[in-house]
file coords_25.csv (CSV, C-alpha atoms)
chain,number,residue,atom,x,y,z
A,1,MET,CA,2.5,-33.3,12.7
A,2,GLU,CA,1.9,-32.6,16.4
A,3,TYR,CA,-0.9,-30.3,17.3
A,4,ASN,CA,0.0,-29.1,20.8
A,5,ASP,CA,-0.8,-25.5,21.0
A,6,LEU,CA,-3.1,-22.9,19.6
A,7,GLU,CA,-0.8,-21.8,16.8
A,8,ASP,CA,-0.4,-25.3,15.5
A,9,LEU,CA,-4.2,-25.5,15.0
A,10,LEU,CA,-4.8,-21.9,14.0
A,11,PHE,CA,-2.3,-21.9,11.2
A,12,SER,CA,-3.1,-25.4,9.9
A,13,GLY,CA,-5.0,-25.1,6.6
A,14,SER,CA,-6.5,-28.5,7.1
A,15,PHE,CA,-7.9,-27.7,10.5
A,16,ARG,CA,-9.3,-24.4,9.3
A,17,ASN,CA,-11.0,-26.1,6.4
A,18,TRP,CA,-12.6,-28.6,8.7
A,19,VAL,CA,-13.8,-25.9,11.1
A,20,LEU,CA,-15.3,-23.8,8.3
A,21,ARG,CA,-16.4,-26.5,5.9
A,22,ARG,CA,-17.1,-29.7,7.6
A,23,ASP,CA,-17.2,-31.7,4.4
A,24,THR,CA,-13.5,-31.5,3.6
A,25,PRO,CA,-11.5,-34.7,2.8
A,26,ASP,CA,-9.6,-34.2,6.1
A,27,ALA,CA,-12.9,-34.2,8.1
A,28,SER,CA,-12.5,-37.9,9.3
A,29,PHE,CA,-8.9,-37.2,10.4
A,30,TRP,CA,-10.0,-34.3,12.6
A,31,GLU,CA,-13.0,-36.1,14.0
A,32,ASN,CA,-10.7,-39.1,15.0
A,33,TRP,CA,-8.1,-36.8,16.3
A,34,GLN,CA,-10.6,-35.0,18.5
A,35,ALA,CA,-11.9,-38.3,19.8
A,36,GLN,CA,-8.4,-39.5,20.6
A,37,HIS,CA,-7.5,-36.3,22.4
A,38,PRO,CA,-10.3,-35.4,24.8
A,39,GLU,CA,-7.8,-33.4,26.9
A,40,LYS,CA,-7.5,-30.9,24.0
A,41,ALA,CA,-11.2,-30.0,23.9
A,42,ASP,CA,-10.5,-26.5,25.3
A,43,LEU,CA,-7.6,-25.9,22.9
A,44,ILE,CA,-9.8,-26.9,20.0
A,45,ARG,CA,-12.6,-24.6,21.2
A,46,HIS,CA,-10.1,-21.7,21.5
A,47,ALA,CA,-8.8,-22.2,18.0
A,48,LYS,CA,-12.3,-22.6,16.5
A,49,ALA,CA,-13.5,-19.3,18.2
A,50,ILE,CA,-10.5,-17.4,16.7
A,51,ILE,CA,-11.1,-18.9,13.3
A,52,TYR,CA,-14.7,-17.7,13.4
A,53,ALA,CA,-13.7,-14.3,14.6
A,54,LEU,CA,-11.1,-13.9,11.8
A,55,GLN,CA,-13.6,-14.5,9.0
A,56,LEU,CA,-13.5,-11.7,6.4
A,57,HIS,CA,-15.4,-10.8,3.3
A,58,LEU,CA,-12.8,-11.4,0.6
A,59,ARG,CA,-14.1,-10.9,-2.9
A,60,PRO,CA,-13.4,-14.0,-4.9
A,61,LEU,CA,-12.4,-13.1,-8.5
A,62,SER,CA,-14.0,-15.2,-11.2
A,63,GLU,CA,-11.8,-17.2,-13.6
A,64,GLU,CA,-12.9,-14.9,-16.5
A,65,GLU,CA,-11.9,-11.8,-14.5
A,66,VAL,CA,-8.4,-13.2,-13.8
A,67,GLU,CA,-8.0,-14.4,-17.4
A,68,GLY,CA,-9.1,-11.0,-18.6
A,69,GLU,CA,-6.4,-9.3,-16.5
A,70,ILE,CA,-3.7,-11.7,-17.7
A,71,LYS,CA,-4.8,-11.1,-21.3
A,72,LYS,CA,-4.6,-7.3,-20.8
A,73,THR,CA,-1.1,-7.6,-19.2
A,74,VAL,CA,0.2,-9.9,-22.0
A,75,GLN,CA,-1.2,-7.5,-24.6
A,76,ARG,CA,0.6,-4.5,-22.9
A,77,LEU,CA,3.7,-6.6,-22.8
A,78,ARG,CA,3.6,-7.1,-26.6
A,79,ASN,CA,2.4,-3.6,-27.5
A,80,PRO,CA,3.6,-1.2,-24.8
A,81,PRO,CA,1.9,2.2,-25.2
A,82,LEU,CA,4.2,4.8,-26.8
A,83,SER,CA,3.6,7.3,-24.0
A,84,ARG,CA,4.5,4.8,-21.3
A,85,PRO,CA,7.4,2.5,-22.3
A,86,LEU,CA,8.0,-0.6,-20.4
A,87,GLY,CA,11.1,0.6,-18.7
A,88,GLU,CA,9.0,3.1,-16.8
A,89,PHE,CA,7.3,0.3,-14.9
A,90,GLN,CA,10.4,-0.4,-12.9
A,91,PRO,CA,9.6,-0.1,-9.2
A,92,ASP,CA,12.0,2.8,-8.8
A,93,LYS,CA,11.3,4.8,-5.7
A,94,ARG,CA,12.9,7.9,-7.1
A,95,SER,CA,10.8,8.2,-10.3
A,96,GLY,CA,7.9,9.9,-8.5
A,97,PHE,CA,10.3,12.2,-6.8
A,98,SER,CA,12.1,13.2,-10.0
A,99,ARG,CA,8.8,13.9,-11.8
A,100,ARG,CA,7.7,16.1,-8.9
A,101,GLY,CA,11.2,17.6,-8.8
A,102,SER,CA,11.2,18.7,-12.4
A,103,ARG,CA,7.7,20.2,-11.9
A,104,ALA,CA,9.1,22.2,-8.9
A,105,TRP,CA,12.0,23.4,-10.9
A,106,ALA,CA,9.7,24.6,-13.7
A,107,LEU,CA,7.6,26.4,-11.2
A,108,ALA,CA,10.6,28.1,-9.6
A,109,ALA,CA,12.0,29.1,-13.0
A,110,GLY,CA,8.6,30.7,-13.9
A,111,VAL,CA,8.4,32.7,-10.6
A,112,ALA,CA,12.0,33.9,-11.0
A,113,GLY,CA,11.2,35.0,-14.6
A,114,LEU,CA,8.2,36.9,-13.4
A,115,CYS,CA,10.3,38.6,-10.7
A,116,ILE,CA,12.9,39.7,-13.2
A,117,LEU,CA,10.3,41.0,-15.6
A,118,ALA,CA,8.5,43.0,-12.8
A,119,TRP,CA,11.8,44.4,-11.6
A,120,SER,CA,12.8,45.5,-15.1
A,121,MET,CA,9.4,47.2,-15.6
A,122,TYR,CA,9.8,49.0,-12.3
A,123,ARG,CA,13.3,50.2,-13.3
A,124,CYS,CA,11.9,51.3,-16.7
A,125,THR,CA,9.1,53.2,-15.0
A,126,LEU,CA,11.6,55.1,-12.8
A,127,ARG,CA,13.7,56.2,-15.8
A,128,HIS,CA,10.7,57.1,-18.0
A,129,PRO,CA,7.8,58.4,-15.9
A,130,LYS,CA,4.5,57.9,-17.7
A,131,ASP,CA,3.1,61.3,-16.6
A,132,PRO,CA,5.4,64.0,-18.0
A,133,GLN,CA,4.0,66.4,-15.4
A,134,ARG,CA,5.3,64.4,-12.5
A,135,SER,CA,8.8,63.9,-11.3
A,136,PHE,CA,10.1,62.0,-8.3
A,137,ARG,CA,13.0,62.6,-6.1
A,138,ALA,CA,14.9,59.5,-5.0
A,139,GLY,CA,15.9,59.2,-1.5
A,140,ASN,CA,14.3,59.2,1.9
A,141,GLU,CA,12.3,62.4,1.4
A,142,LYS,CA,8.8,62.4,0.1
A,143,PRO,CA,8.3,62.9,-3.6
A,144,VAL,CA,7.4,66.4,-4.5
A,145,LEU,CA,4.8,67.0,-7.2
A,146,GLN,CA,4.8,70.1,-9.2
A,147,GLN,CA,2.2,71.2,-11.6
A,148,ALA,CA,3.8,72.7,-14.7
A,149,SER,CA,2.6,74.2,-17.8
A,150,ALA,CA,1.8,71.8,-20.6
A,151,GLY,CA,4.8,70.1,-22.2
A,152,ASP,CA,7.2,71.2,-19.4
A,153,THR,CA,8.8,68.9,-16.8
A,154,ALA,CA,10.0,70.5,-13.6
A,155,GLU,CA,12.0,68.8,-10.9
A,156,ILE,CA,12.0,70.6,-7.6
A,157,ARG,CA,14.5,69.6,-5.0
A,158,GLU,CA,13.5,69.8,-1.3
A,159,LYS,CA,16.3,72.3,-0.6
A,160,ASP,CA,15.1,74.5,-3.5
A,161,ARG,CA,11.5,74.4,-2.1
A,162,ASN,CA,12.7,75.3,1.3
A,163,GLY,CA,14.7,78.2,0.0
A,164,PRO,CA,18.4,78.9,0.1
A,165,GLY,CA,20.3,78.7,3.3
A,166,ARG,CA,17.9,76.3,5.1
B,1,MET,CA,-0.5,-31.5,-3.7
B,2,SER,CA,2.0,-31.2,-0.8
B,3,SER,CA,3.5,-27.8,0.1
B,4,VAL,CA,7.0,-29.1,-1.0
B,5,ASN,CA,5.7,-29.9,-4.4
B,6,LEU,CA,3.9,-26.6,-4.6
B,7,LEU,CA,7.2,-24.9,-3.8
B,8,ASP,CA,9.0,-26.9,-6.4
B,9,GLU,CA,6.4,-26.1,-9.0
B,10,ASN,CA,6.6,-22.4,-8.1
B,11,LEU,CA,10.3,-22.4,-8.4
B,12,LEU,CA,10.2,-24.2,-11.7
B,13,LEU,CA,7.7,-21.7,-13.1
B,14,TRP,CA,9.8,-18.8,-11.8
B,15,ASN,CA,12.9,-20.1,-13.5
B,16,GLU,CA,10.9,-20.7,-16.7
B,17,PHE,CA,9.6,-17.1,-16.5
B,18,ARG,CA,13.1,-15.8,-16.0
B,19,ASN,CA,14.1,-17.6,-19.1
B,20,GLY,CA,11.5,-15.6,-21.1
B,21,ASN,CA,8.7,-18.2,-21.2
B,22,ALA,CA,5.5,-16.2,-21.7
B,23,ASP,CA,3.3,-19.2,-20.7
B,24,ALA,CA,5.1,-19.4,-17.4
B,25,PHE,CA,4.5,-15.7,-16.9
B,26,GLY,CA,0.8,-16.1,-17.5
B,27,GLN,CA,0.7,-19.1,-15.1
B,28,LEU,CA,2.5,-17.1,-12.4
B,29,MET,CA,-0.1,-14.4,-12.7
B,30,ARG,CA,-2.9,-17.0,-12.6
B,31,ILE,CA,-1.6,-18.6,-9.4
B,32,HIS,CA,-0.9,-15.4,-7.5
B,33,TYR,CA,-3.6,-13.0,-8.8
B,34,GLN,CA,-6.3,-13.6,-6.2
B,35,ASP,CA,-3.9,-13.3,-3.2
B,36,LEU,CA,-2.4,-10.1,-4.7
B,37,PHE,CA,-5.8,-8.6,-5.3
B,38,ASN,CA,-7.0,-9.5,-1.8
B,39,TYR,CA,-3.9,-8.0,-0.2
B,40,GLY,CA,-4.0,-4.9,-2.4
B,41,THR,CA,-7.6,-4.2,-1.6
B,42,ARG,CA,-6.8,-4.2,2.1
B,43,PHE,CA,-5.1,-0.9,1.5
B,44,THR,CA,-7.6,0.8,-0.8
B,45,ARG,CA,-11.2,0.1,-1.9
B,46,ASN,CA,-10.2,1.3,-5.4
B,47,GLU,CA,-10.1,-2.1,-7.1
B,48,ALA,CA,-9.2,-0.7,-10.6
B,49,MET,CA,-6.2,1.0,-9.1
B,50,VAL,CA,-5.1,-2.3,-7.4
B,51,LYS,CA,-5.5,-4.1,-10.7
B,52,ASP,CA,-3.4,-1.5,-12.5
B,53,ARG,CA,-0.6,-1.8,-9.9
B,54,ILE,CA,-0.7,-5.6,-10.2
B,55,GLN,CA,-0.4,-5.2,-14.0
B,56,ASP,CA,2.5,-2.8,-13.5
B,57,LEU,CA,4.1,-5.2,-11.1
B,58,PHE,CA,4.1,-8.1,-13.6
B,59,LEU,CA,5.2,-5.9,-16.5
B,60,SER,CA,8.1,-4.7,-14.4
B,61,LEU,CA,9.0,-8.2,-13.5
B,62,TRP,CA,9.0,-9.2,-17.1
B,63,THR,CA,11.2,-6.3,-18.1
B,64,ASN,CA,13.7,-7.0,-15.3
B,65,ARG,CA,13.4,-10.8,-15.4
B,66,LEU,CA,17.1,-11.2,-16.3
B,67,THR,CA,18.3,-9.3,-13.2
B,68,ILE,CA,15.8,-10.7,-10.7
B,69,SER,CA,17.4,-13.3,-8.5
B,70,GLU,CA,16.1,-16.8,-8.0
B,71,THR,CA,13.6,-17.0,-5.2
B,72,SER,CA,11.7,-19.8,-3.7
B,73,PHE,CA,9.3,-17.4,-2.1
B,74,VAL,CA,7.7,-16.0,-5.2
B,75,LYS,CA,4.4,-15.2,-3.5
B,76,TYR,CA,6.0,-13.1,-0.8
B,77,TYR,CA,8.3,-11.4,-3.3
B,78,LEU,CA,5.2,-10.4,-5.2
B,79,LEU,CA,3.3,-9.2,-2.1
B,80,LYS,CA,6.2,-7.1,-1.0
B,81,SER,CA,6.6,-5.5,-4.5
B,82,LEU,CA,2.8,-4.8,-4.7
B,83,ARG,CA,2.9,-3.2,-1.3
B,84,ARG,CA,5.8,-1.0,-2.4
B,85,ASN,CA,4.0,-0.1,-5.7
B,86,LEU,CA,0.8,0.8,-3.8
B,87,ALA,CA,2.8,2.9,-1.3
B,88,HIS,CA,4.5,4.7,-4.1
B,89,THR,CA,1.1,5.5,-5.7
B,90,ALA,CA,-0.4,6.5,-2.3
B,91,GLY,CA,2.7,8.7,-1.7
B,92,ARG,CA,2.3,10.4,-5.1
B,93,PHE,CA,-1.4,11.1,-4.3
B,94,ARG,CA,-0.5,12.7,-1.0
B,95,GLY,CA,2.5,14.5,-2.4
B,96,GLN,CA,4.9,12.5,-0.4
B,97,ASN,CA,7.3,9.8,-1.1
B,98,ASN,CA,7.1,8.0,2.2
B,99,TRP,CA,5.7,4.6,2.0
B,100,SER,CA,5.4,4.0,5.7
B,101,GLU,CA,2.3,6.2,5.2
B,102,LEU,CA,0.5,3.3,3.6
B,103,HIS,CA,-2.6,2.4,5.7
B,104,PHE,CA,-3.8,-1.1,6.0
B,105,GLU,CA,-7.6,-0.9,6.1
B,106,ALA,CA,-9.2,-2.1,9.3
B,107,LEU,CA,-9.8,-5.8,8.8
B,108,PHE,CA,-13.2,-6.2,10.4
B,109,ASN,CA,-15.1,-3.1,9.3
B,110,ASP,CA,-17.0,-5.1,6.7
B,111,ALA,CA,-16.4,-8.6,8.1
B,112,PRO,CA,-19.4,-11.0,8.1
B,113,PRO,CA,-21.3,-11.2,11.4
B,114,ILE,CA,-20.7,-14.2,13.6
B,115,ASP,CA,-23.7,-16.4,13.0
B,116,ASN,CA,-25.0,-18.8,15.7
B,117,ARG,CA,-26.6,-21.0,13.1
B,118,PHE,CA,-23.3,-21.6,11.4
B,119,ILE,CA,-21.3,-22.1,14.5
B,120,GLY,CA,-24.0,-24.1,16.2
B,121,GLU,CA,-22.7,-23.6,19.7
B,122,GLY,CA,-23.9,-20.7,21.8
B,123,LEU,CA,-20.8,-20.5,24.0
B,124,LEU,CA,-18.5,-20.6,21.0
B,125,ALA,CA,-20.4,-17.9,19.1
B,126,GLY,CA,-20.3,-15.6,22.2
B,127,LEU,CA,-16.5,-16.2,22.5
B,128,ALA,CA,-15.9,-15.5,18.8
B,129,ARG,CA,-17.9,-12.3,19.0
B,130,LYS,CA,-15.8,-11.2,22.0
B,131,MET,CA,-12.6,-12.0,20.1
B,132,ARG,CA,-13.8,-10.1,17.1
B,133,LYS,CA,-14.3,-7.0,19.3
B,134,VAL,CA,-10.7,-7.3,20.6
B,135,LEU,CA,-9.3,-7.9,17.1
B,136,THR,CA,-11.0,-4.8,15.9
B,137,GLY,CA,-9.1,-2.8,18.5
B,138,PHE,CA,-5.7,-4.0,17.3
B,139,SER,CA,-3.4,-1.5,15.6
B,140,ARG,CA,-3.4,-1.5,11.8
B,141,ARG,CA,0.1,-2.9,11.8
B,142,GLN,CA,-1.0,-5.7,14.1
B,143,GLN,CA,-3.9,-6.5,11.9
B,144,GLU,CA,-1.7,-6.6,8.8
B,145,VAL,CA,0.7,-9.0,10.6
B,146,ILE,CA,-2.3,-11.3,11.5
B,147,TYR,CA,-3.7,-11.0,7.9
B,148,LEU,CA,-0.3,-12.0,6.4
B,149,ARG,CA,0.1,-14.9,8.9
B,150,TYR,CA,-3.4,-16.2,8.7
B,151,TYR,CA,-4.5,-15.5,5.2
B,152,MET,CA,-1.2,-15.5,3.3
B,153,HIS,CA,0.4,-18.3,5.3
B,154,ALA,CA,3.5,-16.1,5.7
B,155,ASP,CA,5.9,-16.9,8.5
B,156,VAL,CA,7.6,-14.3,10.7
B,157,GLU,CA,10.6,-13.8,8.4
B,158,ASP,CA,8.4,-13.4,5.3
B,159,ILE,CA,6.1,-10.9,7.1
B,160,ALA,CA,9.2,-8.9,8.2
B,161,GLU,CA,10.4,-8.9,4.6
B,162,ILE,CA,7.0,-7.8,3.2
B,163,MET,CA,6.4,-5.1,5.8
B,164,SER,CA,10.1,-4.0,6.1
B,165,LEU,CA,10.1,-4.7,9.8
B,166,ASN,CA,12.6,-6.7,11.8
B,167,CYS,CA,11.7,-10.2,12.8
B,168,GLN,CA,11.6,-9.5,16.5
B,169,SER,CA,8.9,-6.8,16.0
B,170,VAL,CA,6.8,-9.1,13.9
B,171,HIS,CA,7.2,-11.9,16.5
B,172,ASN,CA,6.2,-9.5,19.3
B,173,LEU,CA,3.2,-8.2,17.4
B,174,LEU,CA,2.0,-11.7,16.7
B,175,GLN,CA,2.6,-13.0,20.2
B,176,ASP,CA,0.9,-10.0,21.7
B,177,SER,CA,-2.2,-10.6,19.5
B,178,LEU,CA,-2.4,-14.3,20.3
B,179,ASN,CA,-1.9,-13.7,24.1
B,180,ARG,CA,-4.7,-11.2,24.1
B,181,LEU,CA,-7.0,-13.6,22.3
B,182,ARG,CA,-5.9,-16.5,24.6
B,183,LYS,CA,-6.8,-14.4,27.7
B,184,ILE,CA,-10.3,-14.0,26.5
B,185,SER,CA,-10.5,-17.7,25.9
B,186,LEU,CA,-9.3,-18.5,29.3
B,187,LYS,CA,-11.7,-16.1,31.0
B,188,LYS,CA,-14.6,-17.4,29.1
B,189,ILE,CA,-13.9,-21.1,29.0
B,190,GLY,CA,-11.2,-21.9,31.6

call {"tool": "encode", "arguments": {"input": "coords_25.csv", "output": "structure tokens"}}
result
Amino acid sequence: MEYNDLEDLLFSGSFRNWVLRRDTPDASFWENWQAQHPEKADLIRHAKAIIYALQLHLRPLSEEEVEGEIKKTVQRLRNPPLSRPLGEFQPDKRSGFSRRGSRAWALAAGVAGLCILAWSMYRCTLRHPKDPQRSFRAGNEKPVLQQASAGDTAEIREKDRNGPGR
Amino acid sequence: MSSVNLLDENLLLWNEFRNGNADAFGQLMRIHYQDLFNYGTRFTRNEAMVKDRIQDLFLSLWTNRLTISETSFVKYYLLKSLRRNLAHTAGRFRGQNNWSELHFEALFNDAPPIDNRFIGEGLLAGLARKMRKVLTGFSRRQQEVIYLRYYMHADVEDIAEIMSLNCQSVHNLLQDSLNRLRKISLKKIG
């Protein structure tokens, strides 16, 4: 393997191990290589600086933790929970959408039901006024209220109120 | 073990797993769990959620093992699937179904400080600090490309596949990153 440019060194696992942990089995190889190629001193320094800059805190999982997760997965494989059958784990992009879609439909149906109920009640109120002493006149003109004696209902039309001939 | 042997071993395991071998299934999980966990926790700090998605991913693989095609790049296939599962979950949380909304967490927010004692050379430590500052300013997408290339050893085609980008975009992002880092090196050393 030739190490001629930055990428060759940067993405070589062996070089990285040597930079970060000097005591790797490849250490003697890299020390010899460095000695044989003094013209690459700058290139090595560039690569080393990038490797140091790219260091991250990655949480190493313990063997027990990984084994525990494998065990849980295998258990679920053998005894899938009734509420969540295995088929549901398919990475189907649409499943979230269909769940949301059915919720939206249920909501829309509920709102429509309420509207119909409210409209029916309104119609019912028009036909059977609660207050027997009140009557309304449909149309553009204002409703006219007329006090009547107990038990009577009177409906007065605008033209009646205004008198004949007007 | 050479990378070719590792590839052969992975392929062998994959085929065993596809034939319904539960031991091969466990072994596949064992080999890839740490990488999947590290990659998943770059998108969210919720470790339990990442573990759940990894579990879902493997259960789904087992369920669909007969229809999954043979792949020599098991690791990248798994990384791509995990990314999609996480995006799906993130989309559900946000009431969307758009997985381009998945955000890669800034790589260097909690990175260890660059320590002179460890590096041992003053000039090199200064250079590394300057590079870290520039890396921090890279876009999330650029940081994800670097992460996949550097930490997951994925090549341009694999990264394009994992991130659903075209190869040219990945190549450009990678080259732009390296050129910016190279410029700092040249200023400081050259």

call {"tool": "closest_residue", "arguments": {"input": "coords_25.csv", "among": "A:Phe29, A:Tyr52, A:Tyr3, A:Phe11", "to": "B:Pro112", "atoms": "only C-alpha atoms"}}
result
A:Tyr52

call {"tool": "interface_residues", "arguments": {"input": "coords_25.csv", "of": "chain B", "to": "chain A", "cutoff": "6 Å", "atoms": "all atoms listed in the file", "output": "ChimeraX atom specification"}}
result
/B:55-56,60,111,124,128,132,185

call {"tool": "write_last_selection", "arguments": {"input": "coords_25.csv", "atoms": "C-alpha atoms", "output": "PDB file, in the coordinates of the input"}}
result
ATOM      1  CA  GLN B  55      -0.400  -5.200 -14.000  1.00  0.00           C
ATOM      2  CA  ASP B  56       2.500  -2.800 -13.500  1.00  0.00           C
ATOM      3  CA  SER B  60       8.100  -4.700 -14.400  1.00  0.00           C
ATOM      4  CA  ALA B 111     -16.400  -8.600   8.100  1.00  0.00           C
ATOM      5  CA  LEU B 124     -18.500 -20.600  21.000  1.00  0.00           C
ATOM      6  CA  ALA B 128     -15.900 -15.500  18.800  1.00  0.00           C
ATOM      7  CA  ARG B 132     -13.800 -10.100  17.100  1.00  0.00           C
ATOM      8  CA  SER B 185     -10.500 -17.700  25.900  1.00  0.00           C
TER       9      SER B 185
END

call {"tool": "residues_near_point", "arguments": {"input": "coords_25.csv", "point": "(-9.7, -10.0, 11.9)", "cutoff": "12 Å", "atoms": "only C-alpha atoms", "output": "MDAnalysis selection string"}}
result
(chainID A and resid 49:58) or (chainID B and resid 42 105:114 128:140 142:151 177:178 181)

call {"tool": "residues_around", "arguments": {"input": "coords_25.csv", "residues": "stretch 165-167 of chain B", "least_positions_apart": "6", "cutoff": "8 Å", "atoms": "all atoms listed in the file", "output": "ChimeraX atom specification"}}
result
/B:156-157,159

call {"tool": "write_last_selection", "arguments": {"input": "coords_25.csv", "atoms": "C-alpha atoms", "output": "compact mmCIF listing (two decimals), in the frame of the given file"}}
result
# COMPACT_ATOMS: atom_id res chain seq x y z
CA VAL B 156 7.60 -14.30 10.70
CA GLU B 157 10.60 -13.80 8.40
CA ILE B 159 6.10 -10.90 7.10

call {"tool": "residues_around", "arguments": {"input": "coords_25.csv", "residues": "B:Phe37", "least_positions_apart": "3", "cutoff": "9 Å", "atoms": "all atoms listed in the file", "output": "JSON, numbers by chain"}}
result
{"A": [59, 61], "B": [32, 33, 34, 40, 41, 42, 47, 50, 51, 54]}

call {"tool": "atom_distance", "arguments": {"input": "coords_25.csv", "atom1": "atom CA of B:Phe73", "atom2": "atom CA of B:Tyr39"}}
result
16.3 Å

call {"tool": "decode", "arguments": {"input": "coords_25.csv", "residues": "stretch 39-60 of chain A", "atoms": "N, CA and C atoms", "output": "tab-separated table (two decimals), in the first residue's frame"}}
result
chain	number	residue	atom	x	y	z
A	39	GLU	N	10.74	13.07	3.47
A	39	GLU	CA	10.05	14.08	2.66
A	39	GLU	C	8.56	14.13	3.00
A	40	LYS	N	8.07	13.12	3.72
A	40	LYS	CA	6.64	13.08	4.04
A	40	LYS	C	6.35	13.57	5.46
A	41	ALA	N	7.33	14.24	6.06
A	41	ALA	CA	7.16	14.69	7.45
A	41	ALA	C	5.95	15.61	7.60
A	42	ASP	N	5.78	16.55	6.66
A	42	ASP	CA	4.64	17.49	6.74
A	42	ASP	C	3.31	16.77	6.56
A	43	LEU	N	3.32	15.84	5.61
A	43	LEU	CA	2.10	15.07	5.34
A	43	LEU	C	1.68	14.30	6.60
A	44	ILE	N	2.65	13.71	7.26
A	44	ILE	CA	2.37	12.95	8.49
A	44	ILE	C	1.82	13.88	9.57
A	45	ARG	N	2.43	15.06	9.67
A	45	ARG	CA	1.97	16.02	10.68
A	45	ARG	C	0.54	16.49	10.39
A	46	HIS	N	0.22	16.75	9.10
A	46	HIS	CA	-1.16	17.13	8.72
A	46	HIS	C	-2.13	16.05	9.16
A	47	ALA	N	-1.80	14.82	8.79
A	47	ALA	CA	-2.70	13.70	9.08
A	47	ALA	C	-2.88	13.52	10.60
A	48	LYS	N	-1.77	13.65	11.33
A	48	LYS	CA	-1.85	13.49	12.79
A	48	LYS	C	-2.76	14.56	13.40
A	49	ALA	N	-2.59	15.79	12.95
A	49	ALA	CA	-3.40	16.90	13.51
A	49	ALA	C	-4.89	16.65	13.26
A	50	ILE	N	-5.22	16.19	12.06
A	50	ILE	CA	-6.65	15.92	11.75
A	50	ILE	C	-7.17	14.78	12.64
A	51	ILE	N	-6.35	13.78	12.81
A	51	ILE	CA	-6.77	12.63	13.65
A	51	ILE	C	-7.02	13.09	15.09
A	52	TYR	N	-6.15	13.94	15.62
A	52	TYR	CA	-6.38	14.46	16.98
A	52	TYR	C	-7.65	15.31	17.02
A	53	ALA	N	-7.84	16.11	15.98
A	53	ALA	CA	-9.01	17.00	15.96
A	53	ALA	C	-10.32	16.22	15.86
A	54	LEU	N	-10.25	15.05	15.23
A	54	LEU	CA	-11.47	14.26	15.02
A	54	LEU	C	-11.84	13.35	16.19
A	55	GLN	N	-11.08	13.43	17.28
A	55	GLN	CA	-11.39	12.55	18.41
A	55	GLN	C	-12.74	12.88	19.03
A	56	LEU	N	-13.53	11.86	19.27
A	56	LEU	CA	-14.87	12.04	19.84
A	56	LEU	C	-15.00	11.21	21.11
A	57	HIS	N	-15.98	11.58	21.92
A	57	HIS	CA	-16.35	10.73	23.06
A	57	HIS	C	-17.38	9.73	22.54
A	58	LEU	N	-17.01	8.52	22.27
A	58	LEU	CA	-17.99	7.51	21.86
A	58	LEU	C	-18.12	6.54	23.03
A	59	ARG	N	-19.38	6.34	23.46
A	59	ARG	CA	-19.54	5.50	24.66
A	59	ARG	C	-19.36	4.02	24.29
A	60	PRO	N	-18.31	3.39	24.82
A	60	PRO	CA	-18.14	1.97	24.53
A	60	PRO	C	-19.13	1.16	25.36
